[in-house]
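Engineer: My questions will all concern the structure given below.
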Amino acid sequence: MTQSQLPPSDPLPLSRALPENGAVRFSPTTLKVLGILGLLIAVCLVTGILNPVFFGKGNVLNLVRRTGLYGILGIGVAFVIITGGIDLSIGSVIALVGCLLPYLLMQRHWSVALTLSCLLPLSALLGLFHGVMITKMRLQPFVVTLCGLMIYRGFARGLLHDQTQGFQNEFAGMKEALTGDFLGVPMPFLLMVAIAIVAAVFLNRTIWGRYLLALVRNEQAARYSGINTDLMIIIAYVICSLLAGFGGILFMCDGNNGQPVDFGNVYELYAIAAAVLGGCSLKGGEGSILGVVIGTAVMRVIYNAINILDIPTQWEFAIIGGVLLAGVIADELAKRIRDKRRSARAAA
Amino acid sequence: MPDPAPTSPPLLEVRDLSKSFPGVRALRGVSLHLNRGEVLAVIGENGAGKSTLMKILAGVQTPDTGEILVEGAPVHIDSVNAAFNQGIVLIHQELNLADNLDIGANIFLGREPRRFGFIDKRTIYEKSRALLGRVGLDLSPRTLVSTLTIGRQQMVEIAKALSVNARVLIMDEPTSSLTQHETDQLYKVVRDLRSKGMSIVYISHRLSEVKELADRVVVLRDGQFAGHLSREQISHDTMVKLMVGRDLSQFYVRASHKPGRPVLEVDRLRTPQNPRHELSFTLRAGEIVGVAGLVGAGRTEMLQTLFGVSPAIGGSVRVDGVDVTPRLPIHAIRAGIALVPEDRKAQGLVLEMAVRENISLPSLRRTQRNGLLNFAAEKLTAGEMIQKLNVKTPSDRQIVQFLSGGNQQKVVIGKWLAMNPRVLLLDEPTRGIDIGAKREIYKLMEQLASTGVAVLFVSSDMEEVMGMSDRTLVMHEGRLKGELQRAELSEEAIMSLATGHERLLAVS
């Protein structure tokens with residue numbers, strides 16, 4: 001076997017990013033990340049100039065914290081979106097898992113360890129269910145997770161009799177560990193960074209990540225190459241629901257209480273919007289984790305700007321929707337120009 | 001040998017037509033003309049540009065440069081409707097009927113006669129009946145299209161063309177999925193239409209059928225005009241010479257093989273598509289075996305079952321005596337079976353990924369370290385394959401989409417070669433690729449066989465089957481109808497088995 005005698009793999013993965021022909025040419029993904037980063041900086045500058053409160057320490061820390069919380073959801077849904085799927089159940093998973101957390105701790109008197117070691121597998125199980133329905137039953141992701149959206153919300157409300165769930169003044173240690181500050185940085189942000197790194201490594205450095213990227217672009221070709229495509233899709237849904245459930249735990253610790261009827265409501269839309277803005281095409285196959293994180297930040301900054309610039313909050317969705325649409329259009333136009341140049345080069 | 005200039009303005013003329021796609025120059029300065037009431041055959045190898053030319057005439061695609069003239073006057077054909085208005089209608093290789101509707105509804109789809117704003121069904125059925133008569137189809141226009149055979153659906157397409165008063169009928173490989181009987185019927189209709197003044201452009205790579213029908217032949221090769229034959233000049237040899245650009249004997253790279261021990265043993269295999277028929281045969285090391293048959297004979301299905309894409313519902317597959325009957329492609333791959341699939345864009349390649357990533361896809365599992373990608377191994381393998389297969393690409397980071405068909409196919413082959421297969425299955429390995437790449441692929445098949453790989457290839461290209469195989473298996477309607485040794489191979493012998501005749505014809 002020649003393969004077994006290969007030199008060790010590139011010790012400095014960064015050097016791979018340099019184009020081999022010497023020309024400086026950014027990959028489409030890099031360009032996308034740079035574009036969204038530009039948007040983030042622009043929105044921050046405009047908001048900050050209009051109202052310097054924006055750059056105040058408290059506001060920035062709050063933004064960082066929110067970006068962390070929502071970013072975790074965005075990373076999860078990014079996995080599903082790059083497979084060409086969608087997960088509409090995220091908000092309801094947050095409600096179910098988030099509200100069960102104080103309920104089990106406070107009313108059932110379970111230990112923290114037991115509760116968490118039940119709720120996280122429960123989240124993963126919901127994702128497993130989605131994945132199996134989509135691959136083995138061949139149901140559409142939209143339909144499966146739409147049912148999930150209704151079912152889990154219904155369970156959260158039914159099981160808990162629509163009662164507000166909260167920690168009152170207890171479990172301060174757990175809350176501090178999950179959503180406090182560490183060296184002045186909000187924990188949710190640190191957790192998100194850790195998750196983002198693991199996700200990026202998974203996607204770009206492991207064979208399963210490669211399988212996922214291959215199958216989303218051409219499932220048949222992936223199957224014909226010996227990849228278990230169903231399994232890969234199921235894994236994507238498991239990751240998404242697991243992170244949604246984890247997000248639910250963090251949101252509950254962060255907010256201290258919540259009502260099953262609206263806890264986490266429409267959060268899936270924030271997550272999907274952030275992922276799309278960050279470069280995950282809903283047609284599947286594209287996306288970078290860093291883009292999703294920055295996309296989340298853009299969403300949070302816009303939300304924050306609406307507040308501190310005294311824009312009536314009723315306009316929130318209209319503004320976010322507009323920004324998202326503009327971002328997607330810009331992305332599509334950039335792609336067309338690229339394709340045109342490319343075919344011109346190829347024909348020459 | 002340019003297309004001879006006609007005396008009066010021809011019905012249809014194209015001048016200097018060119019068209020490029022990403023990575024391919026499909027047409028380069030092609031000119032030709034079509035007279036009233038003639039059958040003009042346009043022939044050429046796969047990828048010669050026939051289909052592109054016809055799509056341009058029918059308004060499906062627009063040319064990059066060049067002009068189209070009808071009766072001497074330049075016209076703009078930028079949509080299918082514009083072509084209709086000039087009386088030009090294309091009968092697609094893949095039929096375009098709505099099979100949930102009946103015949104009448106299909107013939108008048110989008111042009112329904114109306115009465116008081118409602119669809120006038122009576123007129124539709126009356127007119128449809130008359131049109132069906134003209135194509136020799138004795139059926140009620142209320143028959144659902146889904147219940148018709150392919151041959152009859154094609155007649156409906158022709159009737160549809162007649163309903164828009166077509167003057168030029170373009171038929172793209174019309175017999176590729178027809179039975180012999182249906183083919184004969186089609187000939188009859190074509191001759192009949194010609195005698196009534198219809199001009200027909202007939203695209204085919206079946207030379208016997210061109211000999212039968214054509215008044216003139218235009219040959220395309222690699223997107224260019226390669227030659228013209230008048231009625232008297234049409235013969236098998238003249239056509240082949242123009243199509244291939246050289247003598248066939250030089251084209252197929254063949255050494256004689258001494259087959260080794262059995263590698264692949266297929267025993268009473270039943271595919272999900274043809275569950276009633278059992279397939280049994282053996283493939284030996286170093287042997288190249290062709291599989292011939294008509295479209296729909298079950299050849300692709302057989303390969304897919306051997307590779308585990310559509311798992312067998314009975315029987316067994318053994319490699320080197322070990323039962324490996326695959327239920328998933330990964331099982332076949334582990335057993336050393338590789339498949340170069342029929343549709344390289346849909347099944348063979350991830351078009352948006354780089355050459356390197358495509359080549360490495362099946363071998364990632366081998367080179368991984370604790371699940372991490374081994375980039376160095378990946379690069380090395382890709383480089384090796386690019387060199388070995390002479391893949392023309394600026395670098396191994398090039399996105400596969402932007403390679404030409406031939407180079408794409410080499411990438412597909414490369415990804416399997418990197419796995420050192422024992423058995424290589426190829427499904428239409430040279431479809432849609434240029435002559436040069438074709439030759440290289442033949443050479444490669446030959447090389448692999450000489451190193452002991454058992455090669456099984458499915459092909460609808462008769463020349464290819466006869467040129468490349470040591471033995472030929474012929475399939476008909478899901479069944480292995482017979483086996484021909486190299487010495488017994490002839491177009492007639494293959495066709496006879498492929499169309500369902502049990503008995504082998506005597507070989508002259």
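Chain labels A, B, ... are given in the sequence in which chains occur in the structure tokens; within each chain residues are numbered consecutively from 1, and ligands are likewise numbered from 1 in the order shown.
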Using only C-alpha atoms, determine which residues lie at most 12 Å from B:Lys188, disregarding the query and same-chain residues fewer than 6 positions distant; provide the list as a ChimeraX atom specification.
Structural biologist: /B:134-137,155,181-182,194-195,212-213
Engineer: Considering only C-alpha atoms, extract the chain B residues located within 8 Å of chain A and return them as a PyMOL selection string.
Structural biologist: chain B and resi 20-25+309+328-331+333+339+346-353+361-362+364-365+367-368+371-377+402
Engineer: From a DSSP pass on the backbone, collect the residues of stretch 251-339 of chain B flagged as helix (DSSP H, G or I) and hand them back as a ChimeraX atom specification.
Structural biologist: /B:251,299-306,329-334
Engineer: Output C-alpha atoms of each residue in that selection to a file, as a PDB file, in the first residue's frame.
Structural biologist:
```pdb
ATOM      1  CA  PHE B 251      -8.758   3.522 -32.876  1.00  0.00           C
ATOM      2  CA  ARG B 299     -27.851  -3.439 -18.260  1.00  0.00           C
ATOM      3  CA  THR B 300     -27.496  -0.416 -16.002  1.00  0.00           C
ATOM      4  CA  GLU B 301     -29.691  -2.105 -13.421  1.00  0.00           C
ATOM      5  CA  MET B 302     -27.412  -5.127 -13.454  1.00  0.00           C
ATOM      6  CA  LEU B 303     -24.331  -2.990 -12.777  1.00  0.00           C
ATOM      7  CA  GLN B 304     -26.143  -1.104 -10.040  1.00  0.00           C
ATOM      8  CA  THR B 305     -27.060  -4.336  -8.340  1.00  0.00           C
ATOM      9  CA  LEU B 306     -23.496  -5.637  -8.639  1.00  0.00           C
ATOM     10  CA  PRO B 329     -21.994   0.465  -2.374  1.00  0.00           C
ATOM     11  CA  ILE B 330     -19.549   0.370   0.522  1.00  0.00           C
ATOM     12  CA  HIS B 331     -19.847  -3.433   0.599  1.00  0.00           C
ATOM     13  CA  ALA B 332     -18.979  -3.650  -3.079  1.00  0.00           C
ATOM     14  CA  ILE B 333     -16.131  -1.190  -2.664  1.00  0.00           C
ATOM     15  CA  ARG B 334     -14.677  -3.215   0.217  1.00  0.00           C
TER      16      ARG B 334
END
```
Engineer: Can you pull out every residue within 12 Å of A:Leu31, counting only C-alpha atoms, but drop anything in the same chain fewer than 3 positions away, and send it as a VMD selection string?
Structural biologist: chain A and resid 25 to 28 34 to 38 278 to 279 287 to 288 290 to 291 330 to 331 334 to 335 338
Engineer: Which residues, written as a list of chain:residue names, have at least one atom at most 6 Å from stretch 40-54 of chain B, with only C-alpha atoms counted and residues fewer than 4 positions away on the same chain left out?
Structural biologist: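 Surrounding residues, per the criterion: B:Ala26, B:Leu27, B:Val201, B:Tyr202, B:Ile203, B:Ser204, B:His205, B:Ala214, B:Asp215, B:Arg216, B:Val217, B:Val218, B:Val219, B:Leu220, B:Arg221, B:Asp222, B:Gly223, B:Met243, B:Arg431, B:Gly432, B:Ile433, B:Asp434.
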Engineer: Selected residues, C-alpha atoms, written as an mmCIF file, in the first residue's frame, please.
Structural biologist:
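Result went into part-v5.cif, see below:
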```cif
data_model
loop_
_atom_site.group_PDB
_atom_site.id
_atom_site.type_symbol
_atom_site.label_atom_id
_atom_site.label_comp_id
_atom_site.auth_asym_id
_atom_site.auth_seq_id
_atom_site.Cartn_x
_atom_site.Cartn_y
_atom_site.Cartn_z
ATOM 1 C CA ALA B 26 -19.684 22.321 -28.365
ATOM 2 C CA LEU B 27 -19.890 23.844 -31.845
ATOM 3 C CA VAL B 201 -33.192 16.365 -39.818
ATOM 4 C CA TYR B 202 -32.398 12.956 -38.482
ATOM 5 C CA ILE B 203 -29.777 12.621 -35.795
ATOM 6 C CA SER B 204 -28.410 9.230 -35.093
ATOM 7 C CA HIS B 205 -25.301 7.298 -34.444
ATOM 8 C CA ALA B 214 -31.009 9.466 -45.387
ATOM 9 C CA ASP B 215 -30.872 11.425 -48.630
ATOM 10 C CA ARG B 216 -27.739 13.185 -47.492
ATOM 11 C CA VAL B 217 -25.430 12.904 -44.539
ATOM 12 C CA VAL B 218 -23.578 15.631 -42.676
ATOM 13 C CA VAL B 219 -20.886 14.492 -40.277
ATOM 14 C CA LEU B 220 -19.825 16.435 -37.192
ATOM 15 C CA ARG B 221 -16.691 15.728 -35.234
ATOM 16 C CA ASP B 222 -15.584 17.538 -32.085
ATOM 17 C CA GLY B 223 -18.066 20.318 -32.731
ATOM 18 C CA MET B 243 -16.919 10.297 -37.745
ATOM 19 C CA ARG B 431 -20.755 8.760 -23.631
ATOM 20 C CA GLY B 432 -20.558 12.435 -24.474
ATOM 21 C CA ILE B 433 -16.795 12.771 -24.513
ATOM 22 C CA ASP B 434 -14.464 13.741 -27.311
#
```
Engineer: What's around A:Phe155 at 10 Å? Count only C-alpha atoms, leave out sequence neighbours fewer than 6 positions away in its own chain, and write the answer as a ChimeraX atom specification.
Structural biologist: /A:92-93,95-96,161-162,260
Engineer: Can you write just those residues out, N, CA and C atoms, as a short mmCIF file (atom, residue, chain, number, x, y, z; two decimals), in the first residue's frame?
Structural biologist:
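And here's part12.cif as it stands now:
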```
data_model
loop_
_atom_site.label_atom_id
_atom_site.label_comp_id
_atom_site.auth_asym_id
_atom_site.auth_seq_id
_atom_site.Cartn_x
_atom_site.Cartn_y
_atom_site.Cartn_z
N SER A 92 -39.27 25.20 19.63
CA SER A 92 -40.07 24.32 20.48
C SER A 92 -39.19 23.37 21.29
N VAL A 93 -38.06 22.97 20.69
CA VAL A 93 -37.11 22.15 21.46
C VAL A 93 -36.58 22.98 22.63
N ALA A 95 -38.14 25.39 24.12
CA ALA A 95 -39.22 25.50 25.11
C ALA A 95 -39.31 24.23 25.95
N LEU A 96 -39.30 23.08 25.26
CA LEU A 96 -39.47 21.82 25.98
C LEU A 96 -38.30 21.58 26.93
N HIS A 161 -48.51 22.21 32.25
CA HIS A 161 -49.79 22.92 32.47
C HIS A 161 -49.66 24.42 32.25
N ASP A 162 -48.84 24.78 31.28
CA ASP A 162 -48.68 26.19 30.94
C ASP A 162 -48.18 27.05 32.10
N PRO A 260 -43.87 28.09 29.09
CA PRO A 260 -43.91 27.13 27.97
C PRO A 260 -44.60 27.71 26.73
#
```
Engineer: Quick one: everything within 8 Å of A:Met192, counting only C-alpha atoms, minus sequence neighbours fewer than 2 positions away in the same chain. Send it as a CSV table (one decimal) with N, CA and C atoms, in the first residue's frame.
Structural biologist:
```csv
chain,number,residue,atom,x,y,z
A,68,GLY,N,-23.6,34.9,21.6
A,68,GLY,CA,-23.2,33.5,22.0
A,68,GLY,C,-24.4,32.6,22.1
A,69,LEU,N,-25.5,33.1,22.8
A,69,LEU,CA,-26.7,32.3,22.9
A,69,LEU,C,-27.3,31.9,21.6
A,71,GLY,N,-25.9,32.3,18.7
A,71,GLY,CA,-25.0,31.6,17.7
A,71,GLY,C,-25.0,30.1,17.9
A,72,ILE,N,-25.2,29.6,19.1
A,72,ILE,CA,-25.2,28.2,19.2
A,72,ILE,C,-26.3,27.6,18.4
A,188,PRO,N,-21.8,32.2,27.8
A,188,PRO,CA,-22.4,31.7,26.5
A,188,PRO,C,-21.6,32.0,25.3
A,189,PHE,N,-20.9,33.1,25.3
A,189,PHE,CA,-20.0,33.4,24.2
A,189,PHE,C,-18.8,32.4,24.1
A,190,LEU,N,-18.2,32.1,25.3
A,190,LEU,CA,-17.1,31.2,25.3
A,190,LEU,C,-17.6,29.8,24.9
A,194,ALA,N,-16.3,27.7,21.6
A,194,ALA,CA,-15.8,26.3,21.7
A,194,ALA,C,-16.6,25.4,20.8
A,195,ILE,N,-17.9,25.6,20.8
A,195,ILE,CA,-18.7,24.8,19.9
A,195,ILE,C,-18.4,25.1,18.4
A,196,ALA,N,-18.2,26.3,18.1
A,196,ALA,CA,-17.9,26.7,16.7
A,196,ALA,C,-16.6,26.1,16.3
```
Engineer: When you count only C-alpha atoms, which of these residues is closest to B:Val14: B:Glu342, B:Glu71, B:Asp323, B:Glu38?
Structural biologist: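 Using only C-alpha atoms, B:Val14 sits closest to B:Glu71.
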Engineer: Which of stretch 184-304 of chain A end up as strand (DSSP E) when DSSP is run on this backbone - answer as a ChimeraX atom specification?
Structural biologist: /A:185-186,257-258
Engineer: Taking 5 positions as the minimum chain separation for residues in the same chain, which residues sit within 8 Å of B:Pro421 when counting only C-alpha atoms? Answer as a list of chain:residue names.
Structural biologist: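 Counting only the stated atoms, we get B:Ile333, B:Gly336, B:Ile337, B:Ala338, B:Trp416, B:Val453.
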Engineer: Please save C-alpha atoms of the selected residues as a compact mmCIF listing (two decimals), in the first residue's frame.
Structural biologist:
```
# COMPACT_ATOMS: atom_id res chain seq x y z
CA ILE B 333 -16.13 -1.19 -2.66
CA GLY B 336 -12.82 -4.47 -4.67
CA ILE B 337 -15.68 -3.67 -7.04
CA ALA B 338 -15.78 -0.19 -8.54
CA TRP B 416 -11.69 4.28 -8.41
CA VAL B 453 -8.33 -6.27 -13.34
```
Engineer: Just the number, please: distance in Å from atom CA of B:Glu209 to atom CA of B:Met171, one decimal.
Structural biologist: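 Atom CA of B:Glu209 sits 12.9 Å away from atom CA of B:Met171.
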Engineer: Choose the residue, out of A:Leu250, A:Thr229, A:Leu104, A:Ala199, that has the smallest atom-to-atom separation from A:Met174; count only C-alpha atoms.
Structural biologist: A:Leu250
Engineer: How far is it from atom CA of B:Lys19 to atom CA of B:Ala58, in Å with one decimal?
Structural biologist: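 Going from atom CA of B:Lys19 over to atom CA of B:Ala58 covers 14.4 Å.
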Engineer: Just give me the gap between atom CA of A:Trp315 and atom CA of A:Tyr303 in Å, one decimal is fine.
Structural biologist: 9.9 Å
